[in-house]
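Peer 1: My structure is in upload18.txt, and what it holds is compact mmCIF, C-alpha atoms:
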```
# COMPACT_ATOMS: atom_id res chain seq x y z
CA MET A 1 0.00 0.00 0.00
CA PRO A 2 1.52 3.38 -1.02
CA SER A 3 2.40 5.62 1.91
CA THR A 4 4.18 8.82 2.80
CA VAL A 5 7.45 8.92 4.71
CA ALA A 6 5.31 9.55 7.80
CA GLY A 7 3.49 6.28 7.18
CA GLU A 8 0.29 7.76 5.77
CA ALA A 9 -1.42 5.62 3.15
CA GLY A 10 -3.01 7.19 0.12
CA VAL A 11 -2.92 7.73 -3.63
CA ALA A 12 -2.88 11.03 -5.52
CA TYR A 13 -4.01 12.10 -8.98
CA VAL A 14 -1.75 14.77 -10.48
CA ASP A 15 -1.47 15.77 -14.15
CA GLY A 16 -3.46 12.75 -15.26
CA ARG A 17 -1.29 10.25 -13.33
CA TYR A 18 -1.90 8.18 -10.21
CA LEU A 19 0.99 7.96 -7.77
CA PRO A 20 1.65 7.37 -4.06
CA ILE A 21 0.63 10.37 -1.99
CA GLY A 22 4.20 10.70 -0.69
CA GLU A 23 5.46 11.24 -4.26
CA ALA A 24 2.79 13.75 -5.28
CA ALA A 25 3.78 17.39 -5.81
CA ILE A 26 2.39 20.59 -7.23
CA PRO A 27 4.33 23.43 -8.89
CA ILE A 28 5.66 25.77 -6.23
CA THR A 29 4.41 28.78 -8.23
CA ASP A 30 0.81 27.51 -8.40
CA TRP A 31 -1.37 30.25 -6.93
CA GLY A 32 -3.28 27.56 -5.08
CA PHE A 33 -0.11 27.14 -3.00
CA ILE A 34 1.30 30.65 -2.75
CA ARG A 35 -2.01 32.53 -2.48
CA GLY A 36 -4.52 29.96 -1.30
CA ASP A 37 -6.37 30.57 -4.57
CA ALA A 38 -8.20 27.26 -4.70
CA VAL A 39 -11.44 25.46 -3.91
CA TYR A 40 -11.86 21.89 -2.81
CA ASP A 41 -14.24 19.26 -1.54
CA ALA A 42 -13.77 16.41 0.91
CA ILE A 43 -15.57 13.11 0.36
CA PRO A 44 -15.60 10.62 3.25
CA PHE A 45 -15.64 6.87 2.75
CA THR A 46 -16.49 4.20 5.32
CA GLU A 47 -16.11 0.44 4.89
CA GLY A 48 -15.47 1.08 1.20
CA PHE A 49 -18.57 3.28 0.66
CA LEU A 50 -18.21 6.86 -0.62
CA PHE A 51 -20.84 8.98 1.11
CA ARG A 52 -23.04 11.32 -0.96
CA LEU A 53 -20.43 11.47 -3.70
CA SER A 54 -22.70 13.08 -6.29
CA ASP A 55 -23.64 15.85 -3.83
CA HIS A 56 -19.96 16.54 -3.13
CA VAL A 57 -19.14 16.68 -6.84
CA GLU A 58 -22.09 19.01 -7.40
CA ARG A 59 -20.90 21.35 -4.64
CA PHE A 60 -17.37 21.24 -6.03
CA GLY A 61 -18.74 22.49 -9.35
CA LEU A 62 -20.59 25.29 -7.55
CA SER A 63 -17.46 26.28 -5.64
CA MET A 64 -15.48 26.43 -8.89
CA ARG A 65 -18.09 28.65 -10.53
CA LYS A 66 -18.08 31.04 -7.56
CA TRP A 67 -14.26 31.13 -7.60
CA ARG A 68 -14.23 31.55 -11.41
CA LEU A 69 -12.24 28.35 -11.91
CA HIS A 70 -12.68 25.76 -14.65
CA VAL A 71 -10.99 22.40 -15.11
CA SER A 72 -11.19 20.09 -18.11
CA LEU A 73 -12.58 17.18 -16.11
CA GLY A 74 -16.36 16.99 -16.00
CA PRO A 75 -18.43 15.37 -13.26
CA ASP A 76 -18.22 11.83 -14.63
CA ARG A 77 -14.45 11.94 -14.87
CA ILE A 78 -14.08 13.49 -11.42
CA THR A 79 -16.30 10.75 -10.00
CA ALA A 80 -14.13 8.11 -11.67
CA VAL A 81 -10.95 9.69 -10.27
CA VAL A 82 -12.41 9.69 -6.75
CA HIS A 83 -13.21 5.98 -7.01
CA GLU A 84 -9.77 5.22 -8.43
CA VAL A 85 -7.70 7.01 -5.78
CA VAL A 86 -9.57 5.01 -3.16
CA ARG A 87 -9.32 1.71 -5.05
CA ARG A 88 -5.60 2.05 -5.67
CA SER A 89 -4.91 2.99 -2.04
CA GLY A 90 -6.68 -0.07 -0.66
CA LEU A 91 -8.09 2.07 2.14
CA ARG A 92 -11.53 1.15 3.44
CA ASP A 93 -11.99 4.20 5.67
CA GLY A 94 -10.73 7.67 4.93
CA LEU A 95 -11.22 10.89 3.01
CA VAL A 96 -10.76 11.99 -0.60
CA LEU A 97 -9.87 15.59 -1.37
CA ILE A 98 -10.57 17.04 -4.82
CA MET A 99 -9.10 20.46 -5.57
CA ALA A 100 -9.09 23.09 -8.29
CA THR A 101 -6.32 25.68 -8.14
CA ARG A 102 -5.72 28.88 -10.09
CA GLY A 103 -2.59 27.33 -11.55
CA VAL A 104 0.81 28.63 -12.59
CA PRO A 105 1.25 32.10 -14.16
CA PRO A 106 1.61 31.68 -17.93
CA SER A 107 4.74 33.85 -17.78
CA LEU A 108 6.55 36.20 -15.43
CA GLY A 109 4.82 39.13 -17.07
CA ILE A 110 1.27 37.81 -16.72
CA ARG A 111 -0.49 38.17 -13.39
CA ASP A 112 -4.09 38.38 -14.62
CA PRO A 113 -5.81 35.36 -13.00
CA ALA A 114 -8.32 35.17 -15.84
CA ARG A 115 -5.47 34.04 -18.14
CA PHE A 116 -4.26 31.15 -16.00
CA GLU A 117 -4.83 27.50 -16.82
CA ASN A 118 -6.56 26.09 -13.77
CA ARG A 119 -5.43 22.74 -12.38
CA PHE A 120 -7.15 19.72 -10.80
CA TYR A 121 -5.71 17.48 -8.09
CA ALA A 122 -7.11 14.67 -5.96
CA PHE A 123 -5.88 12.32 -3.27
CA SER A 124 -7.12 9.73 -0.80
CA GLN A 125 -5.86 9.58 2.76
CA VAL A 126 -6.52 8.07 6.15
CA LEU A 127 -9.22 10.03 7.98
CA PRO A 128 -7.53 12.88 9.89
CA PRO A 129 -8.50 12.96 13.61
CA ILE A 130 -10.65 15.86 14.80
CA ALA A 131 -10.09 15.00 18.46
CA ALA A 132 -9.04 12.06 20.59
CA PRO A 133 -11.31 9.05 19.86
CA GLU A 134 -12.75 8.95 23.37
CA ARG A 135 -13.84 12.58 23.01
CA LEU A 136 -15.86 12.02 19.86
CA ARG A 137 -18.70 10.20 21.61
CA ASP A 138 -18.30 11.43 25.19
CA GLY A 139 -18.07 15.09 24.21
CA MET A 140 -15.57 17.72 23.13
CA SER A 141 -14.41 20.89 24.82
CA VAL A 142 -14.35 24.02 22.68
CA ILE A 143 -13.60 27.68 23.15
CA VAL A 144 -15.25 30.72 21.65
CA SER A 145 -12.28 32.17 19.85
CA ARG A 146 -11.23 35.79 20.06
CA VAL A 147 -10.68 35.55 16.29
CA ARG A 148 -13.75 36.63 14.31
CA ARG A 149 -14.88 34.79 11.20
CA ILE A 150 -14.01 36.31 7.82
CA PRO A 151 -17.29 37.88 6.59
CA GLU A 152 -19.07 36.13 3.74
CA THR A 153 -19.16 39.48 1.93
CA SER A 154 -15.35 39.30 1.74
CA VAL A 155 -14.84 35.57 1.09
CA ASP A 156 -17.88 33.53 0.05
CA SER A 157 -18.07 30.85 2.75
CA THR A 158 -20.46 28.75 0.65
CA ALA A 159 -17.56 28.06 -1.74
CA LYS A 160 -15.36 25.49 0.03
CA ASN A 161 -11.97 27.19 -0.06
CA PHE A 162 -8.54 27.28 1.53
CA GLN A 163 -8.81 30.76 3.06
CA TRP A 164 -8.16 29.30 6.52
CA GLY A 165 -6.25 32.11 8.23
CA ASP A 166 -9.00 32.75 10.80
CA PHE A 167 -9.58 29.03 11.38
CA THR A 168 -5.90 28.28 11.91
CA GLN A 169 -5.43 31.10 14.42
CA ALA A 170 -8.57 29.99 16.29
CA ARG A 171 -7.33 26.40 16.40
CA LEU A 172 -3.98 27.54 17.79
CA GLU A 173 -5.82 29.55 20.42
CA ALA A 174 -7.79 26.43 21.40
CA ASN A 175 -4.50 24.58 21.88
CA ASP A 176 -3.17 27.40 24.06
CA ARG A 177 -6.32 27.29 26.20
CA GLY A 178 -6.36 23.51 26.59
CA ALA A 179 -9.49 22.86 24.52
CA ASP A 180 -10.12 20.35 21.76
CA ASN A 181 -11.20 22.92 19.20
CA ALA A 182 -12.70 26.37 18.60
CA LEU A 183 -15.87 28.08 17.43
CA LEU A 184 -15.81 31.48 15.75
CA LEU A 185 -18.31 34.33 16.00
CA ASP A 186 -19.11 36.92 13.36
CA HIS A 187 -18.55 40.62 13.96
CA GLU A 188 -22.05 40.93 15.49
CA GLY A 189 -21.31 38.24 18.07
CA ASN A 190 -23.27 35.40 16.43
CA LEU A 191 -22.06 31.83 16.01
CA THR A 192 -20.67 30.91 12.58
CA GLU A 193 -18.62 27.68 12.36
CA GLY A 194 -15.26 26.20 13.32
CA PRO A 195 -12.12 24.93 11.56
CA GLY A 196 -13.65 22.50 9.08
CA PHE A 197 -17.03 21.94 10.74
CA ASN A 198 -20.56 23.34 11.01
CA ALA A 199 -22.31 23.83 14.35
CA PHE A 200 -25.80 23.15 15.74
CA ILE A 201 -27.51 23.90 19.02
CA VAL A 202 -30.62 22.22 20.42
CA SER A 203 -33.02 24.24 22.56
CA GLY A 204 -36.42 22.88 23.54
CA ARG A 205 -36.06 20.05 20.99
CA VAL A 206 -35.61 22.58 18.18
CA LEU A 207 -32.35 22.51 16.21
CA LYS A 208 -30.72 25.77 15.19
CA THR A 209 -27.73 26.32 12.92
CA PRO A 210 -26.10 29.58 11.75
CA ALA A 211 -27.59 31.23 8.70
CA HIS A 212 -24.53 33.25 7.67
CA HIS A 213 -20.73 33.14 7.35
CA ARG A 214 -20.63 29.33 7.15
CA LEU A 215 -20.24 26.56 4.62
CA GLU A 216 -23.37 24.80 3.41
CA GLY A 217 -21.90 21.49 4.51
CA ILE A 218 -23.00 18.14 3.12
CA THR A 219 -22.96 16.67 6.64
CA ARG A 220 -24.91 19.73 7.84
CA ARG A 221 -27.48 19.02 5.13
CA THR A 222 -27.64 15.39 6.21
CA VAL A 223 -28.21 16.38 9.85
CA MET A 224 -31.05 18.69 8.81
CA GLU A 225 -32.68 15.93 6.77
CA ILE A 226 -32.35 13.40 9.61
CA ALA A 227 -33.86 15.89 12.06
CA GLU A 228 -36.76 16.80 9.82
CA ARG A 229 -37.55 13.13 9.23
CA ALA A 230 -37.56 12.57 13.00
CA GLY A 231 -39.95 15.47 13.51
CA TRP A 232 -37.48 17.88 15.11
CA PRO A 233 -37.80 21.41 13.69
CA VAL A 234 -34.65 22.96 12.19
CA SER A 235 -34.03 26.69 11.91
CA GLU A 236 -31.26 28.52 10.05
CA THR A 237 -30.89 31.68 12.08
CA ASP A 238 -28.58 33.99 14.01
CA ILE A 239 -27.36 32.38 17.24
CA PRO A 240 -25.86 34.82 19.77
CA GLU A 241 -23.01 33.51 21.93
CA GLU A 242 -25.17 33.65 25.06
CA GLU A 243 -27.89 31.53 23.45
CA MET A 244 -25.36 28.91 22.39
CA LYS A 245 -23.94 28.64 25.90
CA ALA A 246 -27.45 28.29 27.37
CA ALA A 247 -28.51 25.56 24.90
CA ASP A 248 -29.66 22.09 25.92
CA GLU A 249 -27.23 20.49 23.46
CA VAL A 250 -24.44 21.63 21.13
CA PHE A 251 -22.81 19.52 18.45
CA LEU A 252 -20.47 19.87 15.49
CA CYS A 253 -20.59 18.08 12.16
CA THR A 254 -18.05 17.51 9.39
CA SER A 255 -17.41 15.14 6.50
CA ALA A 256 -14.03 14.36 8.02
CA GLY A 257 -15.53 12.64 11.04
CA GLY A 258 -19.27 12.91 11.38
CA ILE A 259 -21.11 14.24 14.45
CA PHE A 260 -19.30 15.46 17.58
CA PRO A 261 -21.13 16.40 20.77
CA VAL A 262 -19.83 19.46 22.59
CA THR A 263 -20.09 19.15 26.36
CA GLU A 264 -17.93 22.09 27.44
CA ILE A 265 -17.61 25.66 26.15
CA ASP A 266 -15.02 28.05 27.59
CA GLY A 267 -14.50 25.70 30.53
CA GLN A 268 -18.20 25.52 31.44
CA PRO A 269 -20.47 22.50 30.87
CA VAL A 270 -23.19 22.52 28.22
CA ALA A 271 -26.39 21.72 30.18
CA ASP A 272 -25.53 18.64 32.28
CA GLY A 273 -22.20 18.10 30.52
CA ILE A 274 -23.05 14.88 28.66
CA CYS A 275 -24.01 14.01 25.10
CA GLY A 276 -27.67 14.93 24.65
CA GLU A 277 -30.54 12.72 23.51
CA ILE A 278 -31.07 14.36 20.12
CA THR A 279 -27.35 14.58 19.36
CA SER A 280 -26.98 10.89 20.18
CA ALA A 281 -29.91 9.90 17.96
CA ILE A 282 -28.63 11.95 15.02
CA LEU A 283 -25.12 10.57 15.48
CA ASP A 284 -26.38 6.97 15.36
CA GLN A 285 -28.56 7.54 12.30
CA TYR A 286 -25.80 9.39 10.49
CA TRP A 287 -23.38 6.47 10.78
CA ARG A 288 -26.05 4.07 9.52
CA LEU A 289 -26.47 6.23 6.43
CA ARG A 290 -22.71 6.33 5.81
CA VAL A 291 -22.84 2.68 4.64
CA ASP A 292 -26.38 2.67 3.23
CA PRO A 293 -26.29 1.90 -0.54
CA GLU A 294 -29.07 4.45 -1.05
CA TRP A 295 -26.70 7.13 0.21
CA ALA A 296 -23.22 5.83 -0.53
CA GLU A 297 -21.44 4.32 -3.55
CA ALA A 298 -19.43 1.13 -3.10
CA VAL A 299 -15.84 1.20 -4.34
CA ASP A 300 -14.95 -1.76 -6.57
CA TYR A 301 -11.48 -2.61 -5.29
CA ALA A 302 -11.01 -5.38 -7.87
CA THR A 303 -11.64 -3.34 -11.01
CA ALA A 304 -10.05 -0.13 -12.19
CA ALA A 305 -12.48 2.71 -12.79
CA SER A 306 -13.24 3.04 -16.48
CA ILE A 307 -14.59 5.88 -18.56
CA GLU A 308 -14.87 6.44 -22.29
CA PRO A 309 -11.90 8.45 -23.63
CA GLY A 310 -12.79 12.10 -23.44
CA ALA A 311 -16.10 11.48 -21.70
CA GLY A 312 -16.96 14.03 -19.04
CA GLU A 313 -13.87 16.07 -19.86
CA SER A 314 -15.72 19.36 -20.19
CA GLY A 315 -18.56 21.25 -18.59
CA ASP A 316 -19.45 21.99 -14.99
CA ALA A 317 -18.54 19.41 -12.38
CA GLY A 318 -22.01 19.61 -10.90
CA HIS A 319 -24.02 19.11 -14.09
CA THR A 320 -24.96 15.45 -13.70
CA ALA A 321 -24.91 15.17 -9.93
CA LYS A 322 -27.92 13.67 -8.17
CA HIS A 323 -29.43 14.68 -4.84
CA ARG A 324 -30.56 12.26 -2.16
CA SER A 325 -32.86 13.16 0.70
CA ALA A 326 -33.23 11.50 4.05
CA THR A 327 -36.97 11.86 3.63
CA GLY A 328 -37.00 9.89 0.41
```
Please go through the file and, once you have read it, give me the structure as structure tokens.

Peer 2:
Amino acid sequence: MPSTVAGEAGVAYVDGRYLPIGEAAIPITDWGFIRGDAVYDAIPFTEGFLFRLSDHVERFGLSMRKWRLHVSLGPDRITAVVHEVVRRSGLRDGLVLIMATRGVPPSLGIRDPARFENRFYAFSQVLPPIAAPERLRDGMSVIVSRVRRIPETSVDSTAKNFQWGDFTQARLEANDRGADNALLLDHEGNLTEGPGFNAFIVSGRVLKTPAHHRLEGITRRTVMEIAERAGWPVSETDIPEEEMKAADEVFLCTSAGGIFPVTEIDGQPVADGICGEITSAILDQYWRLRVDPEWAEAVDYATAASIEPGAGESGDAGHTAKHRSATG
């Protein structure tokens, strides 16, 4: 199984070639590297099942359009690449990242981003840990960071991008303060999201999630569909810091690891300090869906992904994507 020098297994797709993740490289002058000028998506797979792959590919296409990026691979080809980087890695559980970058300047004298040839990369990897395993079910501690979220009017948070300066500083602050992770507020003092995850609160058996300055996460969407099917109302709204801290339950959600109960904020317990009833029910249902064939595509580890030459090599990445609903 291919691995990095640090022992990480995975396979990358770069310039039309598959290679071990430890041998993959991008040009050092790619603006995706030197300016963070890139969008991406992260597709989780569990027991060999890729979860909501078509929805991730659709969102990737939307992110590219918002970032004014275009790659030659269409949705069918991107889907085939995702399957292949998992198949070749042999991993049964992990994450696939697909990325579009601005690319390399055509020459030293050209700095107009509209004239760049955009680039596509992908790789599979072992699932990165969000917190210690025992914290994922028992509950995480978070801080409310002093760092405020970048406004969506400056950087569109619905386009999944690598503008992570605020997230990284908040995560470092959490380390300094002895917490597992951090939540960020907007400049009006309302909850937004955290480094790589959306947030929910539960008050009076009603779920609330921020309406602004946050990614429209696929796992967030799944949580909302699970809740609605169970008869729990869901509201996208402003959530002041005080309301979050007074909630009955708080939990985080991310494609990289699922649902994480929060039992402590700024050193104080959330309600009675244990994983709440609704959080627990959503967590259990979510992991059932992760391996449900109605929601997830099985990777064929015995057969290389095939596609007709040239098929799916143009057009928007989201054009042929399908949508699944927990209610149907």

Peer 1: Tell me which protein, DNA and RNA residues are within 9 Å of Glu243 of chain A, counting all atoms listed in the file, leaving out same-chain ones fewer than 4 positions away, and put them as a list in words.

Peer 2: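 Selected residues are Ile201, Ser203, Ile239 and Ala247 of chain A.
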
Peer 1: For Asp300 of chain A, please output as a list in words all residues within 10 Å (counting all atoms listed in the file; exclusion window: fewer than 6 positions along the same chain).

Peer 2: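 Those residues are Gly48, Phe49, His83, Glu84, Val86 and Arg87 of chain A.
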
Peer 1: List the neighbours of Val270 of chain A out to 9 Å using only C-alpha atoms; skip same-chain residues closer than 2 positions along the sequence, and give me the result as number ranges by chain.

Peer 2: A: 244-250, 262-265, 268, 272-274

Peer 1: Applying 8 Å and only C-alpha atoms, which residues near Leu69 of chain A remain after dropping the ones on its own chain fewer than 4 positions away? List them as a list in words.

Peer 2: Met64, Arg65, Ala100, Thr101, Arg102 and Asn118 of chain A

Peer 1: Compile the contact shell of Thr279 of chain A as a PyMOL selection string: residues with an atom at most 8 Å away, counting all atoms listed in the file, same-chain residues fewer than 4 positions apart removed.

Peer 2: chain A and resi 249-251+259+261+275+283

Peer 1: Find, counting only C-alpha atoms, the residue in A:Leu191, A:Ala9, A:Ala211, A:Ala114 that gets nearest to His70 of chain A.

Peer 2: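 For His70 of chain A, the nearest of the given residues is A:Ala114.
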
Peer 1: Just to confirm, what's the straight-line distance from atom CA of Val14 of chain A to atom CA of Arg115 of chain A in Å (one decimal)?

Peer 2: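 One can read the atom CA of Val14 of chain A to atom CA of Arg115 of chain A distance as 21.1 Å.
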
Peer 1: Please indicate the distance in Å from atom CA of Pro75 of chain A to atom CA of Ser157 of chain A, rounded to one decimal place.

Peer 2: 22.3 Å

Peer 1: What is the distance between atom CA of Ser54 of chain A and atom CA of Thr79 of chain A, in Å to one decimal?

Peer 2: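 Spanning atom CA of Ser54 of chain A to atom CA of Thr79 of chain A is a straight-line distance of 7.8 Å.
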
Peer 1: Under the rule that all atoms listed in the file are counted, which of A:Val39, A:Leu97, A:Leu184, A:Ile28 is the nearest residue to Leu127 of chain A?

Peer 2: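 Nearest to Leu127 of chain A: A:Leu97.
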
Peer 1: Under the rule that all atoms listed in the file are counted, which of A:Asp186, A:Asp41, A:Glu47, A:Asp180 is the nearest residue to Arg148 of chain A?

Peer 2: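 Among the listed residues, the smallest separation from Arg148 of chain A belongs to A:Asp186.
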
Peer 1: Find, counting all atoms listed in the file, the residue in A:Arg59, A:Arg177, A:Arg119, A:Arg111 that gets nearest to Glu216 of chain A.

Peer 2: A:Arg59

Peer 1: Using all atoms listed in the file, which of the listed residues (A:Glu173, A:Glu242, A:Gly257, A:Asp156) sits closest to His212 of chain A?

Peer 2: A:Asp156

Peer 1: Please write as a short mmCIF file (atom, residue, chain, number, x, y, z; two decimals) with C-alpha atoms, in the coordinates of the input the list of polymer residues whose atoms come within 12 Å of (4.3, 19.1, -8.2), counting all atoms listed in the file and keeping to the coordinates of the file.

Peer 2:
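Full text of selection.cif as output:
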```
data_model
loop_
_atom_site.label_atom_id
_atom_site.label_comp_id
_atom_site.auth_asym_id
_atom_site.auth_seq_id
_atom_site.Cartn_x
_atom_site.Cartn_y
_atom_site.Cartn_z
CA ALA A 12 -2.88 11.03 -5.52
CA TYR A 13 -4.01 12.10 -8.98
CA VAL A 14 -1.75 14.77 -10.48
CA ASP A 15 -1.47 15.77 -14.15
CA ARG A 17 -1.29 10.25 -13.33
CA LEU A 19 0.99 7.96 -7.77
CA ILE A 21 0.63 10.37 -1.99
CA GLY A 22 4.20 10.70 -0.69
CA GLU A 23 5.46 11.24 -4.26
CA ALA A 24 2.79 13.75 -5.28
CA ALA A 25 3.78 17.39 -5.81
CA ILE A 26 2.39 20.59 -7.23
CA PRO A 27 4.33 23.43 -8.89
CA ILE A 28 5.66 25.77 -6.23
CA THR A 29 4.41 28.78 -8.23
CA ASP A 30 0.81 27.51 -8.40
CA GLY A 32 -3.28 27.56 -5.08
CA PHE A 33 -0.11 27.14 -3.00
CA GLY A 103 -2.59 27.33 -11.55
CA VAL A 104 0.81 28.63 -12.59
CA ARG A 119 -5.43 22.74 -12.38
CA PHE A 120 -7.15 19.72 -10.80
CA TYR A 121 -5.71 17.48 -8.09
#
```

Peer 1: Hey, could you patch up segment 150-170 of chain A with N, CA, C and O atoms and hand it over as a compact mmCIF listing (two decimals), in the frame of the given file?

Peer 2:
```txt
# COMPACT_ATOMS: atom_id res chain seq x y z
N ILE A 150 -14.06 35.47 9.01
CA ILE A 150 -14.01 36.31 7.82
C ILE A 150 -15.43 36.48 7.28
O ILE A 150 -16.14 35.49 7.06
N PRO A 151 -15.91 37.69 7.05
CA PRO A 151 -17.29 37.88 6.59
C PRO A 151 -17.53 37.25 5.22
O PRO A 151 -16.64 37.26 4.36
N GLU A 152 -18.73 36.75 5.02
CA GLU A 152 -19.07 36.13 3.74
C GLU A 152 -19.11 37.15 2.61
O GLU A 152 -19.04 36.80 1.43
N THR A 153 -19.21 38.44 2.95
CA THR A 153 -19.16 39.48 1.93
C THR A 153 -17.74 39.70 1.42
O THR A 153 -17.54 40.33 0.38
N SER A 154 -16.74 39.20 2.16
CA SER A 154 -15.35 39.30 1.74
C SER A 154 -14.89 38.02 1.04
O SER A 154 -14.29 38.08 -0.04
N VAL A 155 -15.15 36.87 1.67
CA VAL A 155 -14.84 35.57 1.09
C VAL A 155 -16.09 34.71 1.20
O VAL A 155 -16.59 34.47 2.30
N ASP A 156 -16.62 34.30 0.07
CA ASP A 156 -17.88 33.53 0.05
C ASP A 156 -17.68 32.19 0.77
O ASP A 156 -17.02 31.29 0.26
N SER A 157 -18.26 32.06 1.95
CA SER A 157 -18.07 30.85 2.75
C SER A 157 -18.85 29.66 2.20
O SER A 157 -18.62 28.53 2.65
N THR A 158 -19.76 29.88 1.25
CA THR A 158 -20.46 28.75 0.65
C THR A 158 -19.63 28.07 -0.44
O THR A 158 -20.00 27.00 -0.91
N ALA A 159 -18.54 28.70 -0.85
CA ALA A 159 -17.56 28.06 -1.74
C ALA A 159 -16.48 27.46 -0.83
O ALA A 159 -15.81 28.20 -0.09
N LYS A 160 -16.31 26.16 -0.88
CA LYS A 160 -15.36 25.49 0.03
C LYS A 160 -13.95 25.83 -0.42
O LYS A 160 -13.51 25.39 -1.48
N ASN A 161 -13.24 26.62 0.39
CA ASN A 161 -11.97 27.19 -0.06
C ASN A 161 -10.90 27.06 1.01
O ASN A 161 -11.16 26.65 2.14
N PHE A 162 -9.68 27.43 0.64
CA PHE A 162 -8.54 27.28 1.53
C PHE A 162 -8.15 28.59 2.23
O PHE A 162 -7.02 28.73 2.70
N GLN A 163 -9.08 29.54 2.31
CA GLN A 163 -8.81 30.76 3.06
C GLN A 163 -9.02 30.47 4.54
O GLN A 163 -10.03 30.81 5.14
N TRP A 164 -8.04 29.83 5.16
CA TRP A 164 -8.16 29.30 6.52
C TRP A 164 -7.39 30.10 7.56
O TRP A 164 -7.14 29.61 8.65
N GLY A 165 -7.02 31.34 7.27
CA GLY A 165 -6.25 32.11 8.23
C GLY A 165 -6.95 32.26 9.56
O GLY A 165 -6.35 32.09 10.63
N ASP A 166 -8.25 32.59 9.55
CA ASP A 166 -9.00 32.75 10.80
C ASP A 166 -9.15 31.41 11.52
O ASP A 166 -8.98 31.33 12.75
N PHE A 167 -9.43 30.35 10.77
CA PHE A 167 -9.58 29.03 11.38
C PHE A 167 -8.29 28.57 12.06
O PHE A 167 -8.30 28.04 13.17
N THR A 168 -7.18 28.76 11.37
CA THR A 168 -5.90 28.28 11.91
C THR A 168 -5.54 29.02 13.19
O THR A 168 -5.10 28.41 14.18
N GLN A 169 -5.74 30.34 13.21
CA GLN A 169 -5.43 31.10 14.42
C GLN A 169 -6.36 30.71 15.57
O GLN A 169 -5.94 30.63 16.73
N ALA A 170 -7.63 30.42 15.26
CA ALA A 170 -8.57 29.99 16.29
C ALA A 170 -8.19 28.63 16.84
O ALA A 170 -8.27 28.37 18.05
```
